[in-house]
Every structure is written in C-alpha cells, then in structure tokens.
>>> print(open('start09.pdb').read())   # PDB, C-alpha atoms, pLDDT in the B column
ATOM      1  CA  ASP A   1     -48.366  15.546 -10.527  1.00 57.00           C
ATOM      2  CA  ASP A   2     -44.834  16.916 -10.072  1.00 68.00           C
ATOM      3  CA  GLY A   3     -41.707  14.943 -10.889  1.00 80.00           C
ATOM      4  CA  ASP A   4     -38.424  14.519  -9.036  1.00 86.00           C
ATOM      5  CA  THR A   5     -36.929  17.137  -6.730  1.00 90.00           C
ATOM      6  CA  HIS A   6     -33.369  17.965  -7.838  1.00 90.00           C
ATOM      7  CA  ILE A   7     -30.808  19.651  -5.598  1.00 93.00           C
ATOM      8  CA  PHE A   8     -28.192  22.079  -6.920  1.00 93.00           C
ATOM      9  CA  LEU A   9     -25.447  24.195  -5.406  1.00 95.00           C
ATOM     10  CA  ARG A  10     -25.278  27.548  -7.161  1.00 94.00           C
ATOM     11  CA  PHE A  11     -22.279  29.859  -6.943  1.00 95.00           C
ATOM     12  CA  SER A  12     -22.750  33.506  -7.957  1.00 93.00           C
ATOM     13  CA  PRO A  13     -21.085  36.892  -7.325  1.00 92.00           C
ATOM     14  CA  LEU A  14     -21.477  38.539  -3.948  1.00 91.00           C
ATOM     15  CA  ILE A  15     -24.052  41.329  -3.826  1.00 88.00           C
ATOM     16  CA  GLY A  16     -22.089  44.416  -4.757  1.00 82.00           C
ATOM     17  CA  GLY A  17     -18.968  42.331  -5.391  1.00 85.00           C
ATOM     18  CA  PRO A  18     -16.926  41.677  -8.554  1.00 88.00           C
ATOM     19  CA  ALA A  19     -19.012  40.080 -11.323  1.00 88.00           C
ATOM     20  CA  PHE A  20     -16.199  37.669 -12.229  1.00 90.00           C
ATOM     21  CA  LEU A  21     -15.944  36.101  -8.753  1.00 92.00           C
ATOM     22  CA  PRO A  22     -18.788  33.645  -7.922  1.00 93.00           C
ATOM     23  CA  LEU A  23     -18.123  33.494  -4.171  1.00 94.00           C
ATOM     24  CA  HIS A  24     -21.695  33.348  -2.866  1.00 95.00           C
ATOM     25  CA  VAL A  25     -23.353  29.930  -2.665  1.00 97.00           C
ATOM     26  CA  GLU A  26     -26.984  28.901  -2.280  1.00 97.00           C
ATOM     27  CA  LEU A  27     -28.905  25.625  -2.267  1.00 97.00           C
ATOM     28  CA  ILE A  28     -31.663  25.160  -4.854  1.00 95.00           C
ATOM     29  CA  PHE A  29     -34.447  22.581  -4.792  1.00 94.00           C
ATOM     30  CA  ALA A  30     -35.732  22.298  -8.369  1.00 90.00           C
ATOM     31  CA  ILE A  31     -39.047  20.468  -8.796  1.00 89.00           C
ATOM     32  CA  GLU A  32     -39.564  19.096 -12.285  1.00 83.00           C
ATOM     33  CA  GLY A  33     -42.912  19.083 -14.052  1.00 76.00           C
ATOM     34  CA  ALA A  34     -45.021  16.107 -15.014  1.00 70.00           C
ATOM     35  CA  ASN A  35     -43.994  16.303 -18.689  1.00 63.00           C
ATOM     36  CA  THR A  36     -41.940  13.164 -19.346  1.00 57.00           C
ATOM     37  CA  SER A  37     -39.835  14.698 -22.142  1.00 58.00           C
ATOM     38  CA  GLU A  38     -38.820  17.551 -19.835  1.00 55.00           C
ATOM     39  CA  GLN A  39     -37.957  15.080 -17.074  1.00 57.00           C
ATOM     40  CA  ARG A  40     -35.811  13.100 -19.505  1.00 61.00           C
ATOM     41  CA  GLN A  41     -33.973  16.234 -20.628  1.00 61.00           C
ATOM     42  CA  LEU A  42     -33.311  17.325 -17.061  1.00 59.00           C
ATOM     43  CA  LYS A  43     -31.904  13.922 -16.063  1.00 63.00           C
ATOM     44  CA  GLN A  44     -29.556  13.982 -19.059  1.00 64.00           C
ATOM     45  CA  ASN A  45     -28.042  17.183 -17.673  1.00 63.00           C
ATOM     46  CA  MET A  46     -27.911  16.148 -14.024  1.00 68.00           C
ATOM     47  CA  ASP A  47     -24.267  15.041 -14.232  1.00 73.00           C
ATOM     48  CA  ALA A  48     -23.115  18.329 -15.768  1.00 83.00           C
ATOM     49  CA  ILE A  49     -21.709  21.409 -14.070  1.00 88.00           C
ATOM     50  CA  CYS A  50     -23.205  24.449 -15.795  1.00 86.00           C
ATOM     51  CA  ILE A  51     -20.982  27.540 -16.071  1.00 88.00           C
ATOM     52  CA  ARG A  52     -22.697  30.721 -17.239  1.00 86.00           C
ATOM     53  CA  THR A  53     -21.541  34.236 -18.036  1.00 83.00           C
ATOM     54  CA  THR A  54     -24.831  35.700 -16.866  1.00 76.00           C
ATOM     55  CA  ASN A  55     -26.494  35.706 -13.471  1.00 72.00           C
ATOM     56  CA  ASN A  56     -30.015  35.398 -14.910  1.00 70.00           C
ATOM     57  CA  LEU A  57     -31.247  32.266 -13.152  1.00 72.00           C
ATOM     58  CA  SER A  58     -34.565  32.078 -14.992  1.00 62.00           C
ATOM     59  CA  SER A  59     -32.902  31.430 -18.359  1.00 66.00           C
ATOM     60  CA  THR A  60     -30.693  28.561 -17.180  1.00 72.00           C
ATOM     61  CA  SER A  61     -31.407  25.680 -19.550  1.00 69.00           C
ATOM     62  CA  ILE A  62     -31.365  23.008 -16.833  1.00 69.00           C
ATOM     63  CA  LEU A  63     -33.935  24.867 -14.761  1.00 71.00           C
ATOM     64  CA  LYS A  64     -36.347  25.506 -17.629  1.00 71.00           C
ATOM     65  CA  GLU A  65     -37.649  21.962 -17.174  1.00 73.00           C
ATOM     66  CA  CYS A  66     -38.764  22.743 -13.607  1.00 82.00           C
ATOM     67  CA  VAL A  67     -42.121  24.073 -12.426  1.00 84.00           C
ATOM     68  CA  LYS A  68     -40.854  25.446  -9.121  1.00 87.00           C
ATOM     69  CA  LEU A  69     -37.563  26.418  -7.500  1.00 90.00           C
ATOM     70  CA  HIS A  70     -36.919  26.803  -3.775  1.00 94.00           C
ATOM     71  CA  ARG A  71     -33.759  28.812  -3.102  1.00 95.00           C
ATOM     72  CA  PHE A  72     -32.057  28.948   0.310  1.00 97.00           C
ATOM     73  CA  ASP A  73     -29.039  31.068   1.211  1.00 97.00           C
ATOM     74  CA  PHE A  74     -27.372  33.029   4.007  1.00 97.00           C
ATOM     75  CA  LEU A  75     -26.080  36.566   3.586  1.00 96.00           C
ATOM     76  CA  PRO A  76     -25.510  39.811   5.527  1.00 96.00           C
ATOM     77  CA  LYS A  77     -28.620  41.766   6.464  1.00 95.00           C
ATOM     78  CA  ASN A  78     -27.183  44.850   4.785  1.00 94.00           C
ATOM     79  CA  PRO A  79     -24.808  43.474   2.150  1.00 93.00           C
ATOM     80  CA  THR A  80     -24.143  46.779   0.354  1.00 91.00           C
ATOM     81  CA  ASP A  81     -23.568  48.862   3.492  1.00 94.00           C
ATOM     82  CA  PRO A  82     -19.922  50.061   3.635  1.00 93.00           C
ATOM     83  CA  SER A  83     -19.744  49.152   7.313  1.00 95.00           C
ATOM     84  CA  THR A  84     -20.664  45.557   6.455  1.00 94.00           C
ATOM     85  CA  LEU A  85     -17.758  45.281   4.036  1.00 91.00           C
ATOM     86  CA  ALA A  86     -15.423  46.905   6.555  1.00 93.00           C
ATOM     87  CA  ARG A  87     -16.329  44.441   9.293  1.00 95.00           C
ATOM     88  CA  LEU A  88     -16.194  41.376   7.034  1.00 93.00           C
ATOM     89  CA  SER A  89     -12.826  42.384   5.566  1.00 91.00           C
ATOM     90  CA  THR A  90     -11.405  42.552   9.089  1.00 93.00           C
ATOM     91  CA  LEU A  91     -12.909  39.122   9.916  1.00 93.00           C
ATOM     92  CA  ARG A  92     -15.558  40.497  12.255  1.00 95.00           C
ATOM     93  CA  ALA A  93     -19.158  39.303  12.394  1.00 96.00           C
ATOM     94  CA  VAL A  94     -22.143  41.156  10.929  1.00 97.00           C
ATOM     95  CA  PRO A  95     -25.900  40.567  11.326  1.00 97.00           C
ATOM     96  CA  GLY A  96     -27.037  37.860   8.928  1.00 97.00           C
ATOM     97  CA  ARG A  97     -30.282  36.607   7.470  1.00 96.00           C
ATOM     98  CA  VAL A  98     -31.442  33.361   5.886  1.00 97.00           C
ATOM     99  CA  ARG A  99     -33.472  33.745   2.692  1.00 96.00           C
ATOM    100  CA  HIS A 100     -36.026  31.395   1.189  1.00 96.00           C
ATOM    101  CA  ARG A 101     -37.080  32.473  -2.290  1.00 93.00           C
ATOM    102  CA  ILE A 102     -39.572  30.710  -4.540  1.00 92.00           C
ATOM    103  CA  TYR A 103     -39.698  30.809  -8.332  1.00 86.00           C
ATOM    104  CA  GLU A 104     -42.607  29.304 -10.267  1.00 83.00           C
ATOM    105  CA  ARG A 105     -43.068  28.702 -13.973  1.00 73.00           C
ATOM    106  CA  GLN A 106     -46.134  30.434 -15.405  1.00 65.00           C
ATOM    107  CA  ILE A 107     -47.563  27.376 -17.106  1.00 54.00           C
ATOM    108  CA  ASP A 108     -50.996  28.945 -17.564  1.00 51.00           C
ATOM    109  CA  GLU A 109     -49.458  31.606 -19.792  1.00 49.00           C
ATOM    110  CA  GLY A 110     -47.608  29.043 -21.885  1.00 47.00           C
ATOM    111  CA  SER A 111     -44.262  30.360 -20.723  1.00 48.00           C
ATOM    112  CA  ASN A 112     -41.130  28.302 -20.181  1.00 47.00           C
ATOM    113  CA  ASN A 113     -39.609  30.952 -17.929  1.00 47.00           C
ATOM    114  CA  ILE A 114     -39.289  30.628 -14.186  1.00 49.00           C
ATOM    115  CA  GLN A 115     -41.040  33.633 -12.666  1.00 52.00           C
ATOM    116  CA  ILE A 116     -39.894  35.325  -9.511  1.00 53.00           C
ATOM    117  CA  ASP A 117     -42.179  35.501  -6.475  1.00 53.00           C
ATOM    118  CA  ASP A 118     -43.600  38.773  -5.122  1.00 45.00           C
ATOM    119  CA  ASP A 119     -41.145  39.010  -2.224  1.00 47.00           C
ATOM    120  CA  GLU A 120     -38.165  38.832  -4.555  1.00 50.00           C
ATOM    121  CA  LYS A 121     -39.633  41.419  -6.922  1.00 48.00           C
ATOM    122  CA  ASN A 122     -39.566  43.869  -4.028  1.00 44.00           C
ATOM    123  CA  SER A 123     -36.134  42.789  -2.828  1.00 47.00           C
ATOM    124  CA  LYS A 124     -33.260  45.254  -2.744  1.00 44.00           C
ATOM    125  CA  SER A 125     -30.863  42.475  -3.766  1.00 45.00           C
ATOM    126  CA  PRO A 126     -32.198  40.583  -6.811  1.00 53.00           C
ATOM    127  CA  ASP A 127     -29.885  38.579  -9.075  1.00 60.00           C
ATOM    128  CA  GLY A 128     -27.428  40.838 -10.808  1.00 58.00           C
ATOM    129  CA  LYS A 129     -24.727  40.276 -13.418  1.00 71.00           C
ATOM    130  CA  GLY A 130     -21.725  37.984 -13.406  1.00 85.00           C
ATOM    131  CA  ILE A 131     -20.386  34.456 -13.725  1.00 89.00           C
ATOM    132  CA  THR A 132     -22.423  31.694 -12.085  1.00 91.00           C
ATOM    133  CA  VAL A 133     -21.749  27.986 -11.563  1.00 92.00           C
ATOM    134  CA  LEU A 134     -24.546  25.436 -11.088  1.00 91.00           C
ATOM    135  CA  ILE A 135     -23.467  22.099  -9.580  1.00 92.00           C
ATOM    136  CA  PRO A 136     -25.928  19.169  -9.342  1.00 91.00           C
ATOM    137  CA  PHE A 137     -25.820  17.256  -6.058  1.00 92.00           C
ATOM    138  CA  GLY A 138     -28.610  14.681  -6.362  1.00 90.00           C
ATOM    139  CA  TYR A 139     -32.365  14.239  -6.419  1.00 87.00           C
ATOM    140  CA  PHE A 140     -35.299  12.785  -4.527  1.00 87.00           C
ATOM    141  CA  PRO A 141     -37.238  10.480  -6.911  1.00 83.00           C
ATOM    142  CA  HIS A 142     -40.860  11.129  -7.741  1.00 71.00           C
ATOM    143  CA  ALA A 143     -43.308   9.018  -5.738  1.00 60.00           C
ATOM    144  CA  LYS A 144     -43.488   5.427  -6.892  1.00 57.00           C
ATOM    145  CA  ASN A 145     -44.738   4.437  -3.493  1.00 52.00           C
ATOM    146  CA  ASP A 146     -45.770   6.135  -0.277  1.00 50.00           C
ATOM    147  CA  GLN A 147     -42.235   6.175   1.119  1.00 50.00           C
ATOM    148  CA  ASN A 148     -40.781   7.940  -1.914  1.00 48.00           C
ATOM    149  CA  MET A 149     -43.644  10.421  -1.893  1.00 49.00           C
ATOM    150  CA  ALA A 150     -42.894  11.329   1.700  1.00 49.00           C
ATOM    151  CA  ALA A 151     -39.168  11.767   0.994  1.00 49.00           C
ATOM    152  CA  ASN A 152     -39.791  13.850  -2.117  1.00 53.00           C
ATOM    153  CA  ASN A 153     -42.212  16.173  -0.338  1.00 60.00           C
ATOM    154  CA  ASP A 154     -40.272  16.285   2.923  1.00 81.00           C
ATOM    155  CA  SER A 155     -36.987  17.479   1.417  1.00 91.00           C
ATOM    156  CA  VAL A 156     -38.269  21.023   0.814  1.00 92.00           C
ATOM    157  CA  ALA A 157     -40.366  21.025   3.993  1.00 93.00           C
ATOM    158  CA  THR A 158     -37.273  19.951   5.950  1.00 94.00           C
ATOM    159  CA  ALA A 159     -35.255  22.816   4.470  1.00 95.00           C
ATOM    160  CA  MET A 160     -38.009  25.286   5.318  1.00 95.00           C
ATOM    161  CA  GLN A 161     -38.160  24.022   8.895  1.00 95.00           C
ATOM    162  CA  PHE A 162     -34.361  24.277   9.175  1.00 96.00           C
ATOM    163  CA  LYS A 163     -34.617  27.953   8.196  1.00 96.00           C
ATOM    164  CA  GLU A 164     -37.328  28.582  10.784  1.00 95.00           C
ATOM    165  CA  ASP A 165     -35.456  26.747  13.553  1.00 95.00           C
ATOM    166  CA  TYR A 166     -32.019  28.291  13.119  1.00 95.00           C
ATOM    167  CA  SER A 167     -32.411  31.715  11.457  1.00 94.00           C
ATOM    168  CA  ASP A 168     -32.433  33.597  14.763  1.00 93.00           C
ATOM    169  CA  THR A 169     -29.928  31.421  16.608  1.00 94.00           C
ATOM    170  CA  LEU A 170     -27.243  29.519  14.717  1.00 95.00           C
ATOM    171  CA  PHE A 171     -27.379  31.862  11.720  1.00 97.00           C
ATOM    172  CA  LYS A 172     -27.981  35.157  13.471  1.00 95.00           C
ATOM    173  CA  GLU A 173     -24.527  36.468  12.546  1.00 97.00           C
ATOM    174  CA  LEU A 174     -22.317  35.985   9.498  1.00 97.00           C
ATOM    175  CA  GLN A 175     -18.524  35.837   9.668  1.00 96.00           C
ATOM    176  CA  VAL A 176     -16.106  34.992   6.856  1.00 93.00           C
ATOM    177  CA  LEU A 177     -13.772  32.944   9.051  1.00 93.00           C
ATOM    178  CA  GLY A 178     -14.376  31.457  12.476  1.00 91.00           C
ATOM    179  CA  GLY A 179     -18.172  31.651  12.205  1.00 94.00           C
ATOM    180  CA  LYS A 180     -21.117  30.881   9.974  1.00 96.00           C
ATOM    181  CA  ASN A 181     -21.033  31.984   6.349  1.00 97.00           C
ATOM    182  CA  CYS A 182     -22.902  31.176   3.132  1.00 97.00           C
ATOM    183  CA  LEU A 183     -20.892  27.995   2.486  1.00 97.00           C
ATOM    184  CA  SER A 184     -21.231  26.603   6.008  1.00 97.00           C
ATOM    185  CA  PHE A 185     -24.978  27.336   5.848  1.00 97.00           C
ATOM    186  CA  VAL A 186     -25.393  25.365   2.621  1.00 97.00           C
ATOM    187  CA  LEU A 187     -23.340  22.439   3.947  1.00 97.00           C
ATOM    188  CA  ASP A 188     -25.289  22.399   7.231  1.00 97.00           C
ATOM    189  CA  LEU A 189     -28.617  22.535   5.402  1.00 97.00           C
ATOM    190  CA  LEU A 190     -27.564  19.835   2.961  1.00 95.00           C
ATOM    191  CA  SER A 191     -26.435  17.563   5.778  1.00 94.00           C
ATOM    192  CA  HIS A 192     -29.684  18.164   7.647  1.00 94.00           C
ATOM    193  CA  VAL A 193     -31.828  17.346   4.598  1.00 93.00           C
ATOM    194  CA  GLU A 194     -29.789  14.213   3.857  1.00 90.00           C
ATOM    195  CA  SER A 195     -30.208  12.902   7.392  1.00 89.00           C
ATOM    196  CA  SER A 196     -33.889  13.831   7.714  1.00 87.00           C
ATOM    197  CA  ALA A 197     -35.383  12.981   4.296  1.00 78.00           C
ATOM    198  CA  THR A 198     -34.303   9.551   3.085  1.00 72.00           C
ATOM    199  CA  GLY A 199     -34.128   8.398  -0.522  1.00 78.00           C
ATOM    200  CA  ILE A 200     -31.761  10.907  -2.098  1.00 85.00           C
ATOM    201  CA  GLN A 201     -29.973   9.691  -5.230  1.00 85.00           C
ATOM    202  CA  LYS A 202     -26.572  11.390  -5.478  1.00 85.00           C
ATOM    203  CA  VAL A 203     -24.961  12.416  -8.738  1.00 81.00           C
ATOM    204  CA  GLY A 204     -22.058  10.167  -9.709  1.00 74.00           C
ATOM    205  CA  LEU A 205     -18.603  11.422 -10.629  1.00 68.00           C
ATOM    206  CA  PRO A 206     -16.944  12.528 -12.828  1.00 63.00           C
ATOM    207  CA  TYR A 207     -18.938  15.583 -13.848  1.00 70.00           C
ATOM    208  CA  LYS A 208     -19.270  16.936 -17.380  1.00 77.00           C
ATOM    209  CA  PHE A 209     -19.096  20.669 -18.083  1.00 78.00           C
ATOM    210  CA  ASN A 210     -21.628  22.803 -19.961  1.00 78.00           C
ATOM    211  CA  MET A 211     -20.937  26.410 -20.929  1.00 78.00           C
ATOM    212  CA  GLU A 212     -23.835  28.803 -21.550  1.00 72.00           C
TER     213      GLU A 212
END
>>> encode(input="start09.pdb", output="structure tokens")
Amino acid sequence: DDGDTHIFLRFSPLIGGPAFLPLHVELIFAIEGANTSEQRQLKQNMDAICIRTTNNLSSTSILKECVKLHRFDFLPKNPTDPSTLARLSTLRAVPGRVRHRIYERQIDEGSNNIQIDDDEKNSKSPDGKGITVLIPFGYFPHAKNDQNMAANNDSVATAMQFKEDYSDTLFKELQVLGGKNCLSFVLDLLSHVESSATGIQKVGLPYKFNME
C-alpha cells in the first residue's frame, strides 16, 4: 500500500542555461511508501523549502522517502537549438512540448535511490548541473476511506489527463511573455488538479529553509 501523494514545485536551471539561475519550473507528484518511519520523516520536511547546489533529483533527501515520482513540465521542443534561444529572447513563440517523466525507487534491489524511467534515460535533456529549489505545496492523504482513496489516486491521473487534453492545443507553443510558458503551465495544472481532485491538504506558512 502506498502512502500520501505530495506535491512539489521544483525550480531548476534552463536546459543549456546558466547553472546558477533556476528559472525552469516543474510540478512533481511524490508518492510515499508504506513504511511509517519514512512517511513520518517526509511529513517533518513538508514545510521546508529545500535549496540545493546540485541538480541531481534522485539524491534529494525529501524525495528518498518516496517510491514513485511523477514529473510534469513544459519546455521548448528543441531547447538547445540556437534558433530557439533567438526567438525566445525576442519574445517570439517556439514549438513546445509537455513532458511526463516517472521515477521509481528500486525497492527490490534494496536501494534508496529514485531510478529514472527508460524514456528519460534516452532523453537528450536529462537533469544537468546547477542550483535547484524544491517548494512543497501540499498533499493528498493516503486512503482512510473510499473518498480519500479516490482523491489520492485521481490527483496523478488528473494531471496525466490534463497533459493528454492540452499538449497539442493550449500548450502547443511556448512564449516567455504574452503566451504559455513553464510557470503558467505549472499554475494551470495545479489549479486543474485542485479543482478536480478534492482533499488536498496545503502546506501552512511560514516555510523553513533547508540547504543541501
């Protein structure tokens, strides 16, 4: 049995951009394992913003207590192409794509690391180096009754359906200003999940800060 589904905003450097500027943002659904001590540790860190000097997601301490991560973001189709940078810097639109990446912990091998899925292994744009910021937003509680079970399971399914419904329409093009970009995608997806899957418990303010 899995535990709660936690939602994080993660800021990281743009692909091919300066490592010290975490300008790209994605939405992460982190599903905790059934181990109660791991669940307790994760909840203790849920009110903390995690700032890291490395872009290695799999070694993030907060995420080590999770058995699966679903990552959603919006980026240019060809982020390292010089023409893409030229168009974006002059506030013109470029072809965009919505990504859904899945990481799973290899429990059967006794590992605490989150392992990347096959699609990401073959990706031309895996996580690189640079400063990253992980901000907790809230969580869907583990099923204590049928209603909570539906909300917990539906949050990821809702995000996946959002990607399928809008990838080729609303998020067909990316534009820094005056159009859809990575931040507007995350905010739209977050709003859609909030309105479609009830039961989210939001993180209270103020946040603490953790440096790794």
>>> resolve_selection(input="start09.pdb", expression="the PyMOL selection byres ((chain A and resi 15) around 7)", output="list of chain:residue names")
A:Pro13, A:Leu14, A:Gly16, A:Gly17, A:Pro79, A:Thr80, A:Ser125
>>> closest_residue(input="start09.pdb", among="A:Val98, A:Leu91, A:Ile135, A:Ile7", to="Phe185 of chain A", atoms="all atoms listed in the file")
A:Val98
>>> residues_around(input="start09.pdb", residues="His100 of chain A", least_positions_apart="3", cutoff="12 Å", atoms="only C-alpha atoms", output="ChimeraX atom specification")
/A:26-29,69-75,97,103,117,119-120,156-157,159-164,167
>>> write_last_selection(input="start09.pdb", atoms="C-alpha atoms", output="compact mmCIF listing (two decimals), keeping the file's coordinate frame")
# COMPACT_ATOMS: atom_id res chain seq x y z
CA GLU A 26 -26.98 28.90 -2.28
CA LEU A 27 -28.90 25.62 -2.27
CA ILE A 28 -31.66 25.16 -4.85
CA PHE A 29 -34.45 22.58 -4.79
CA LEU A 69 -37.56 26.42 -7.50
CA HIS A 70 -36.92 26.80 -3.78
CA ARG A 71 -33.76 28.81 -3.10
CA PHE A 72 -32.06 28.95 0.31
CA ASP A 73 -29.04 31.07 1.21
CA PHE A 74 -27.37 33.03 4.01
CA LEU A 75 -26.08 36.57 3.59
CA ARG A 97 -30.28 36.61 7.47
CA TYR A 103 -39.70 30.81 -8.33
CA ASP A 117 -42.18 35.50 -6.48
CA ASP A 119 -41.14 39.01 -2.22
CA GLU A 120 -38.16 38.83 -4.56
CA VAL A 156 -38.27 21.02 0.81
CA ALA A 157 -40.37 21.02 3.99
CA ALA A 159 -35.26 22.82 4.47
CA MET A 160 -38.01 25.29 5.32
CA GLN A 161 -38.16 24.02 8.90
CA PHE A 162 -34.36 24.28 9.18
CA LYS A 163 -34.62 27.95 8.20
CA GLU A 164 -37.33 28.58 10.78
CA SER A 167 -32.41 31.72 11.46
>>> residues_around(input="start09.pdb", residues="Asn181 of chain A", least_positions_apart="2", cutoff="12 Å", atoms="all atoms listed in the file", output="compact mmCIF listing (two decimals) with C-alpha atoms, in the coordinates of the input")
# COMPACT_ATOMS: atom_id res chain seq x y z
CA LEU A 23 -18.12 33.49 -4.17
CA HIS A 24 -21.70 33.35 -2.87
CA VAL A 25 -23.35 29.93 -2.66
CA GLU A 26 -26.98 28.90 -2.28
CA ASP A 73 -29.04 31.07 1.21
CA PHE A 74 -27.37 33.03 4.01
CA LEU A 75 -26.08 36.57 3.59
CA PRO A 76 -25.51 39.81 5.53
CA LEU A 88 -16.19 41.38 7.03
CA LEU A 91 -12.91 39.12 9.92
CA ARG A 92 -15.56 40.50 12.26
CA ALA A 93 -19.16 39.30 12.39
CA VAL A 94 -22.14 41.16 10.93
CA PRO A 95 -25.90 40.57 11.33
CA GLY A 96 -27.04 37.86 8.93
CA ARG A 97 -30.28 36.61 7.47
CA VAL A 98 -31.44 33.36 5.89
CA LEU A 170 -27.24 29.52 14.72
CA PHE A 171 -27.38 31.86 11.72
CA LYS A 172 -27.98 35.16 13.47
CA GLU A 173 -24.53 36.47 12.55
CA LEU A 174 -22.32 35.98 9.50
CA GLN A 175 -18.52 35.84 9.67
CA VAL A 176 -16.11 34.99 6.86
CA LEU A 177 -13.77 32.94 9.05
CA GLY A 178 -14.38 31.46 12.48
CA GLY A 179 -18.17 31.65 12.20
CA LEU A 183 -20.89 28.00 2.49
CA SER A 184 -21.23 26.60 6.01
CA PHE A 185 -24.98 27.34 5.85
CA VAL A 186 -25.39 25.36 2.62
CA LEU A 187 -23.34 22.44 3.95
CA ASP A 188 -25.29 22.40 7.23
>>> closest_residue(input="start09.pdb", among="A:Leu21, A:Asp168, A:Thr158, A:Tyr139", to="Gly204 of chain A", atoms="only C-alpha atoms")
A:Tyr139
>>> resolve_selection(input="start09.pdb", expression="the PyMOL selection byres ((chain A and resi 49-56) around 8)", output="list in words")
Ser12, Asp47, Ala48, Leu57, Ser58, Ser59, Thr60, Asp127, Gly128, Lys129, Gly130, Ile131, Thr132, Val133, Leu134, Ile135, Pro136, Tyr207, Lys208, Phe209, Asn210, Met211 and Glu212 of chain A
>>> write_last_selection(input="start09.pdb", atoms="C-alpha atoms", output="tab-separated table (two decimals), keeping the file's coordinate frame")
chain	number	residue	atom	x	y	z
A	12	SER	CA	-22.75	33.51	-7.96
A	47	ASP	CA	-24.27	15.04	-14.23
A	48	ALA	CA	-23.12	18.33	-15.77
A	57	LEU	CA	-31.25	32.27	-13.15
A	58	SER	CA	-34.56	32.08	-14.99
A	59	SER	CA	-32.90	31.43	-18.36
A	60	THR	CA	-30.69	28.56	-17.18
A	127	ASP	CA	-29.88	38.58	-9.07
A	128	GLY	CA	-27.43	40.84	-10.81
A	129	LYS	CA	-24.73	40.28	-13.42
A	130	GLY	CA	-21.72	37.98	-13.41
A	131	ILE	CA	-20.39	34.46	-13.72
A	132	THR	CA	-22.42	31.69	-12.08
A	133	VAL	CA	-21.75	27.99	-11.56
A	134	LEU	CA	-24.55	25.44	-11.09
A	135	ILE	CA	-23.47	22.10	-9.58
A	136	PRO	CA	-25.93	19.17	-9.34
A	207	TYR	CA	-18.94	15.58	-13.85
A	208	LYS	CA	-19.27	16.94	-17.38
A	209	PHE	CA	-19.10	20.67	-18.08
A	210	ASN	CA	-21.63	22.80	-19.96
A	211	MET	CA	-20.94	26.41	-20.93
A	212	GLU	CA	-23.84	28.80	-21.55
>>> atom_distance(input="start09.pdb", atom1="atom CA of Pro82 of chain A", atom2="atom CA of Arg101 of chain A")
25.3 Å
>>> atom_distance(input="start09.pdb", atom1="atom CA of Arg10 of chain A", atom2="atom CA of Ala197 of chain A")
21.1 Å
>>> resolve_selection(input="start09.pdb", expression="the PyMOL selection byres ((chain A and resi 200) around 7)", output="ChimeraX atom specification")
/A:138-140,198-199,201-202
>>> build_atoms(input="start09.pdb", residues="segment 79-84 of chain A", atoms="all heavy atoms", output="PDB file, keeping the file's coordinate frame")
ATOM      1  N   PRO A  79     -26.017  43.863   2.885  1.00 93.00           N
ATOM      2  CA  PRO A  79     -24.808  43.474   2.150  1.00 93.00           C
ATOM      3  C   PRO A  79     -24.084  44.607   1.431  1.00 93.00           C
ATOM      4  O   PRO A  79     -22.881  44.511   1.192  1.00 93.00           O
ATOM      5  CB  PRO A  79     -25.339  42.446   1.133  1.00 93.00           C
ATOM      6  CG  PRO A  79     -26.791  42.749   0.984  1.00 93.00           C
ATOM      7  CD  PRO A  79     -27.234  43.242   2.327  1.00 93.00           C
ATOM      8  N   THR A  80     -24.791  45.688   1.078  1.00 91.00           N
ATOM      9  CA  THR A  80     -24.143  46.779   0.354  1.00 91.00           C
ATOM     10  C   THR A  80     -23.716  47.938   1.256  1.00 91.00           C
ATOM     11  O   THR A  80     -23.159  48.923   0.775  1.00 91.00           O
ATOM     12  CB  THR A  80     -25.086  47.324  -0.741  1.00 91.00           C
ATOM     13  OG1 THR A  80     -26.307  47.778  -0.147  1.00 91.00           O
ATOM     14  CG2 THR A  80     -25.407  46.229  -1.762  1.00 91.00           C
ATOM     15  N   ASP A  81     -23.967  47.815   2.550  1.00 94.00           N
ATOM     16  CA  ASP A  81     -23.568  48.862   3.492  1.00 94.00           C
ATOM     17  C   ASP A  81     -22.040  48.862   3.631  1.00 94.00           C
ATOM     18  O   ASP A  81     -21.446  47.815   3.869  1.00 94.00           O
ATOM     19  CB  ASP A  81     -24.220  48.598   4.852  1.00 94.00           C
ATOM     20  CG  ASP A  81     -24.079  49.776   5.803  1.00 94.00           C
ATOM     21  OD1 ASP A  81     -22.947  50.291   5.949  1.00 94.00           O
ATOM     22  OD2 ASP A  81     -25.083  50.173   6.410  1.00 94.00           O
ATOM     23  N   PRO A  82     -21.393  50.014   3.508  1.00 93.00           N
ATOM     24  CA  PRO A  82     -19.922  50.061   3.635  1.00 93.00           C
ATOM     25  C   PRO A  82     -19.412  49.500   4.958  1.00 93.00           C
ATOM     26  O   PRO A  82     -18.335  48.903   5.008  1.00 93.00           O
ATOM     27  CB  PRO A  82     -19.616  51.564   3.515  1.00 93.00           C
ATOM     28  CG  PRO A  82     -20.750  52.116   2.726  1.00 93.00           C
ATOM     29  CD  PRO A  82     -21.961  51.321   3.143  1.00 93.00           C
ATOM     30  N   SER A  83     -20.178  49.673   6.014  1.00 95.00           N
ATOM     31  CA  SER A  83     -19.744  49.152   7.313  1.00 95.00           C
ATOM     32  C   SER A  83     -19.738  47.631   7.328  1.00 95.00           C
ATOM     33  O   SER A  83     -18.935  47.007   8.032  1.00 95.00           O
ATOM     34  CB  SER A  83     -20.648  49.682   8.428  1.00 95.00           C
ATOM     35  OG  SER A  83     -21.981  49.210   8.274  1.00 95.00           O
ATOM     36  N   THR A  84     -20.638  47.021   6.551  1.00 94.00           N
ATOM     37  CA  THR A  84     -20.664  45.557   6.455  1.00 94.00           C
ATOM     38  C   THR A  84     -19.374  45.058   5.824  1.00 94.00           C
ATOM     39  O   THR A  84     -18.738  44.119   6.319  1.00 94.00           O
ATOM     40  CB  THR A  84     -21.869  45.088   5.617  1.00 94.00           C
ATOM     41  OG1 THR A  84     -23.076  45.462   6.286  1.00 94.00           O
ATOM     42  CG2 THR A  84     -21.853  43.585   5.433  1.00 94.00           C
TER      43      THR A  84
END
